[in-house]
Amino acid sequence: MIQRRWQLFFIFLFSFQATAEAGSISLKDALETRGTVIMFRHALAPGFGDPTNFQVTDCSTQRNLDTRGREQSRAIGLQFKELGFSTAAVYSSPWCRCLETAQLMDIGPVTAFNGLGSFFEGHVNRGQTLKQLNNQLAVIASAQEKPVVMVTHQVVISAVTGLGTSSGEAILYDPKNDRSRRIQLSTND
């Protein structure tokens, strides 16, 4: 029985990581893709999870960016600007640390999107959140336009791409082919 559990675990682990491609891609090359999403984990926000009095509409009840996180956000945005990239909308989790990351990147107007909310501590329903996000990803894949930028949380990125991320790290996700690649940025911590 135990051996069977380990076999199932390894099958699950292999299938979970099967969507990730080897190596990374430069931001320049990522920006040349079409019908894709650049998923960022919010910049540095010290701590773990959110306080017990968490309210999505009140930043004072959340874990927020620190000075390094704000600098990291601006530096990420600068890399986009140096490549001449701007967008009509940057989609963000409604959590303050994600909204602030997206705003400080300053590459386009920021739109809060519930499909990017963190289900890590049960503040939102995982199934409903991923359904909203998957619907949006299907629209993006069919549009075949320049990459859409989304700022969200580790758990959301992992659920979609199968990859873990550090603060301020980005993953290029192709929803049409269900493939993921890390984007090489100079600001990764």
# chains A, B, ... in the order shown; residues from 1 in each chain; ligands from 1
$ select_by_dssp --residues "range 31-187 of chain A" --states "strand (DSSP E or B)" --output "number ranges by chain"
A: 37-41, 90-92, 110-112, 148-152, 170-174, 179-184
$ write_last_selection --atoms "N, CA and C atoms" --output "PDB file, in the first residue's frame"
ATOM      1  N   VAL A  37       0.885  34.888 -21.438  1.00  0.00           N
ATOM      2  CA  VAL A  37       0.737  35.670 -20.219  1.00  0.00           C
ATOM      3  C   VAL A  37       2.083  35.707 -19.504  1.00  0.00           C
ATOM      4  N   ILE A  38       2.451  36.887 -19.033  1.00  0.00           N
ATOM      5  CA  ILE A  38       3.615  37.018 -18.154  1.00  0.00           C
ATOM      6  C   ILE A  38       3.047  37.149 -16.747  1.00  0.00           C
ATOM      7  N   MET A  39       3.237  36.089 -15.958  1.00  0.00           N
ATOM      8  CA  MET A  39       2.700  36.050 -14.597  1.00  0.00           C
ATOM      9  C   MET A  39       3.804  36.383 -13.610  1.00  0.00           C
ATOM     10  N   PHE A  40       3.629  37.486 -12.902  1.00  0.00           N
ATOM     11  CA  PHE A  40       4.577  37.911 -11.875  1.00  0.00           C
ATOM     12  C   PHE A  40       4.055  37.558 -10.502  1.00  0.00           C
ATOM     13  N   ARG A  41       4.967  37.090  -9.655  1.00  0.00           N
ATOM     14  CA  ARG A  41       4.652  37.064  -8.235  1.00  0.00           C
ATOM     15  C   ARG A  41       4.947  38.470  -7.720  1.00  0.00           C
ATOM     16  N   VAL A  90      -2.662  46.067 -17.008  1.00  0.00           N
ATOM     17  CA  VAL A  90      -1.928  45.080 -16.219  1.00  0.00           C
ATOM     18  C   VAL A  90      -2.951  44.529 -15.238  1.00  0.00           C
ATOM     19  N   TYR A  91      -3.180  43.233 -15.280  1.00  0.00           N
ATOM     20  CA  TYR A  91      -4.144  42.622 -14.374  1.00  0.00           C
ATOM     21  C   TYR A  91      -3.447  42.264 -13.075  1.00  0.00           C
ATOM     22  N   SER A  92      -4.130  42.522 -11.963  1.00  0.00           N
ATOM     23  CA  SER A  92      -3.535  42.293 -10.654  1.00  0.00           C
ATOM     24  C   SER A  92      -4.532  41.652  -9.712  1.00  0.00           C
ATOM     25  N   VAL A 110      -3.632  49.685 -14.180  1.00  0.00           N
ATOM     26  CA  VAL A 110      -3.785  48.460 -13.396  1.00  0.00           C
ATOM     27  C   VAL A 110      -5.263  48.171 -13.178  1.00  0.00           C
ATOM     28  N   THR A 111      -5.635  46.920 -13.458  1.00  0.00           N
ATOM     29  CA  THR A 111      -7.009  46.468 -13.280  1.00  0.00           C
ATOM     30  C   THR A 111      -7.013  45.317 -12.275  1.00  0.00           C
ATOM     31  N   ALA A 112      -7.725  45.503 -11.161  1.00  0.00           N
ATOM     32  CA  ALA A 112      -7.854  44.426 -10.182  1.00  0.00           C
ATOM     33  C   ALA A 112      -8.728  43.326 -10.781  1.00  0.00           C
ATOM     34  N   VAL A 148       0.045  39.407 -22.121  1.00  0.00           N
ATOM     35  CA  VAL A 148      -0.722  40.082 -21.082  1.00  0.00           C
ATOM     36  C   VAL A 148       0.063  39.929 -19.782  1.00  0.00           C
ATOM     37  N   VAL A 149       0.187  41.008 -19.031  1.00  0.00           N
ATOM     38  CA  VAL A 149       0.923  40.992 -17.767  1.00  0.00           C
ATOM     39  C   VAL A 149      -0.061  40.841 -16.613  1.00  0.00           C
ATOM     40  N   MET A 150       0.238  39.876 -15.726  1.00  0.00           N
ATOM     41  CA  MET A 150      -0.586  39.637 -14.543  1.00  0.00           C
ATOM     42  C   MET A 150       0.317  39.583 -13.319  1.00  0.00           C
ATOM     43  N   VAL A 151      -0.113  40.229 -12.238  1.00  0.00           N
ATOM     44  CA  VAL A 151       0.627  40.209 -10.975  1.00  0.00           C
ATOM     45  C   VAL A 151      -0.240  39.480  -9.960  1.00  0.00           C
ATOM     46  N   THR A 152       0.325  38.442  -9.365  1.00  0.00           N
ATOM     47  CA  THR A 152      -0.467  37.595  -8.488  1.00  0.00           C
ATOM     48  C   THR A 152       0.397  36.982  -7.397  1.00  0.00           C
ATOM     49  N   ALA A 170       9.057  36.135 -12.654  1.00  0.00           N
ATOM     50  CA  ALA A 170       8.048  36.037 -13.703  1.00  0.00           C
ATOM     51  C   ALA A 170       8.125  34.706 -14.430  1.00  0.00           C
ATOM     52  N   ILE A 171       6.953  34.253 -14.856  1.00  0.00           N
ATOM     53  CA  ILE A 171       6.818  33.037 -15.652  1.00  0.00           C
ATOM     54  C   ILE A 171       6.060  33.406 -16.919  1.00  0.00           C
ATOM     55  N   LEU A 172       6.567  32.959 -18.065  1.00  0.00           N
ATOM     56  CA  LEU A 172       5.835  33.095 -19.320  1.00  0.00           C
ATOM     57  C   LEU A 172       4.971  31.855 -19.457  1.00  0.00           C
ATOM     58  N   TYR A 173       3.661  32.064 -19.554  1.00  0.00           N
ATOM     59  CA  TYR A 173       2.723  30.948 -19.668  1.00  0.00           C
ATOM     60  C   TYR A 173       1.978  31.043 -20.989  1.00  0.00           C
ATOM     61  N   ASP A 174       1.973  29.936 -21.717  1.00  0.00           N
ATOM     62  CA  ASP A 174       1.245  29.839 -22.983  1.00  0.00           C
ATOM     63  C   ASP A 174      -0.003  29.001 -22.729  1.00  0.00           C
ATOM     64  N   ARG A 179       2.170  25.531 -21.560  1.00  0.00           N
ATOM     65  CA  ARG A 179       3.616  25.473 -21.364  1.00  0.00           C
ATOM     66  C   ARG A 179       4.079  26.700 -20.587  1.00  0.00           C
ATOM     67  N   SER A 180       5.096  26.473 -19.760  1.00  0.00           N
ATOM     68  CA  SER A 180       5.608  27.534 -18.894  1.00  0.00           C
ATOM     69  C   SER A 180       7.126  27.607 -18.979  1.00  0.00           C
ATOM     70  N   ARG A 181       7.644  28.844 -18.934  1.00  0.00           N
ATOM     71  CA  ARG A 181       9.099  29.060 -18.886  1.00  0.00           C
ATOM     72  C   ARG A 181       9.389  30.224 -17.954  1.00  0.00           C
ATOM     73  N   ARG A 182      10.446  30.108 -17.210  1.00  0.00           N
ATOM     74  CA  ARG A 182      10.872  31.220 -16.351  1.00  0.00           C
ATOM     75  C   ARG A 182      11.417  32.335 -17.228  1.00  0.00           C
ATOM     76  N   ILE A 183      11.146  33.553 -16.821  1.00  0.00           N
ATOM     77  CA  ILE A 183      11.665  34.715 -17.537  1.00  0.00           C
ATOM     78  C   ILE A 183      12.871  35.228 -16.753  1.00  0.00           C
ATOM     79  N   GLN A 184      13.969  35.412 -17.452  1.00  0.00           N
ATOM     80  CA  GLN A 184      15.190  35.888 -16.822  1.00  0.00           C
ATOM     81  C   GLN A 184      15.118  37.406 -16.652  1.00  0.00           C
TER      82      GLN A 184
END
$ select_by_dssp --residues "range 37-97 of chain A" --states "alpha helix (DSSP H)" --output "short mmCIF file (atom, residue, chain, number, x, y, z; two decimals) with N, CA and C atoms, in the first residue's frame"
data_model
loop_
_atom_site.label_atom_id
_atom_site.label_comp_id
_atom_site.auth_asym_id
_atom_site.auth_seq_id
_atom_site.Cartn_x
_atom_site.Cartn_y
_atom_site.Cartn_z
N THR A 67 10.44 48.59 1.43
CA THR A 67 11.22 49.48 0.56
C THR A 67 11.88 48.70 -0.56
N ARG A 68 12.45 47.55 -0.23
CA ARG A 68 13.08 46.72 -1.27
C ARG A 68 12.06 46.26 -2.31
N GLY A 69 10.87 45.91 -1.86
CA GLY A 69 9.81 45.47 -2.77
C GLY A 69 9.38 46.58 -3.72
N ARG A 70 9.32 47.79 -3.20
CA ARG A 70 8.96 48.94 -4.06
C ARG A 70 10.06 49.19 -5.09
N GLU A 71 11.31 49.14 -4.64
CA GLU A 71 12.44 49.31 -5.57
C GLU A 71 12.45 48.19 -6.62
N GLN A 72 12.18 46.97 -6.18
CA GLN A 72 12.14 45.83 -7.09
C GLN A 72 11.05 46.03 -8.15
N SER A 73 9.89 46.51 -7.75
CA SER A 73 8.78 46.75 -8.69
C SER A 73 9.17 47.77 -9.74
N ARG A 74 9.76 48.87 -9.30
CA ARG A 74 10.18 49.91 -10.25
C ARG A 74 11.24 49.38 -11.22
N ALA A 75 12.17 48.58 -10.70
CA ALA A 75 13.24 48.02 -11.54
C ALA A 75 12.66 47.06 -12.59
N ILE A 76 11.66 46.29 -12.21
CA ILE A 76 11.01 45.39 -13.18
C ILE A 76 10.36 46.22 -14.27
N GLY A 77 9.62 47.24 -13.88
CA GLY A 77 8.97 48.11 -14.86
C GLY A 77 9.96 48.77 -15.80
N LEU A 78 11.10 49.17 -15.27
CA LEU A 78 12.14 49.80 -16.08
C LEU A 78 12.63 48.84 -17.18
N GLN A 79 12.76 47.57 -16.84
CA GLN A 79 13.19 46.59 -17.85
C GLN A 79 12.18 46.51 -19.00
N PHE A 80 10.89 46.57 -18.70
CA PHE A 80 9.87 46.58 -19.74
C PHE A 80 9.98 47.85 -20.59
N LYS A 81 10.14 48.97 -19.92
CA LYS A 81 10.22 50.25 -20.62
C LYS A 81 11.44 50.33 -21.53
N GLU A 82 12.57 49.80 -21.07
CA GLU A 82 13.79 49.79 -21.89
C GLU A 82 13.60 48.99 -23.17
N CYS A 96 -3.26 44.21 -1.83
CA CYS A 96 -2.51 45.47 -1.91
C CYS A 96 -1.08 45.28 -2.40
N ARG A 97 -0.40 44.21 -1.97
CA ARG A 97 0.99 44.02 -2.40
C ARG A 97 1.09 43.76 -3.90
#
$ residues_around --residues "range 155-159 of chain A" --least-positions-apart "5" --cutoff "7 Å" --atoms "only C-alpha atoms" --output "PyMOL selection string"
chain A and resi 39+116+118+120+164
$ atom_distance --atom1 "CA of Pro94 in chain A" --atom2 "CA of Asp58 in chain A"
10.5 Å
$ atom_distance --atom1 "CA of Ser60 in chain A" --atom2 "CA of Lys131 in chain A"
28.8 Å
$ atom_distance --atom1 "CA of Pro51 in chain A" --atom2 "CA of Arg63 in chain A"
7.2 Å
$ closest_residue --among "A:Asn125, A:Gln144, A:Ser24, A:Thr61" --to "Glu169 in chain A" --atoms "only C-alpha atoms"
A:Ser24
$ closest_residue --among "A:Leu130, A:Asn135, A:His42, A:Gly117" --to "Glu100 in chain A" --atoms "only C-alpha atoms"
A:His42
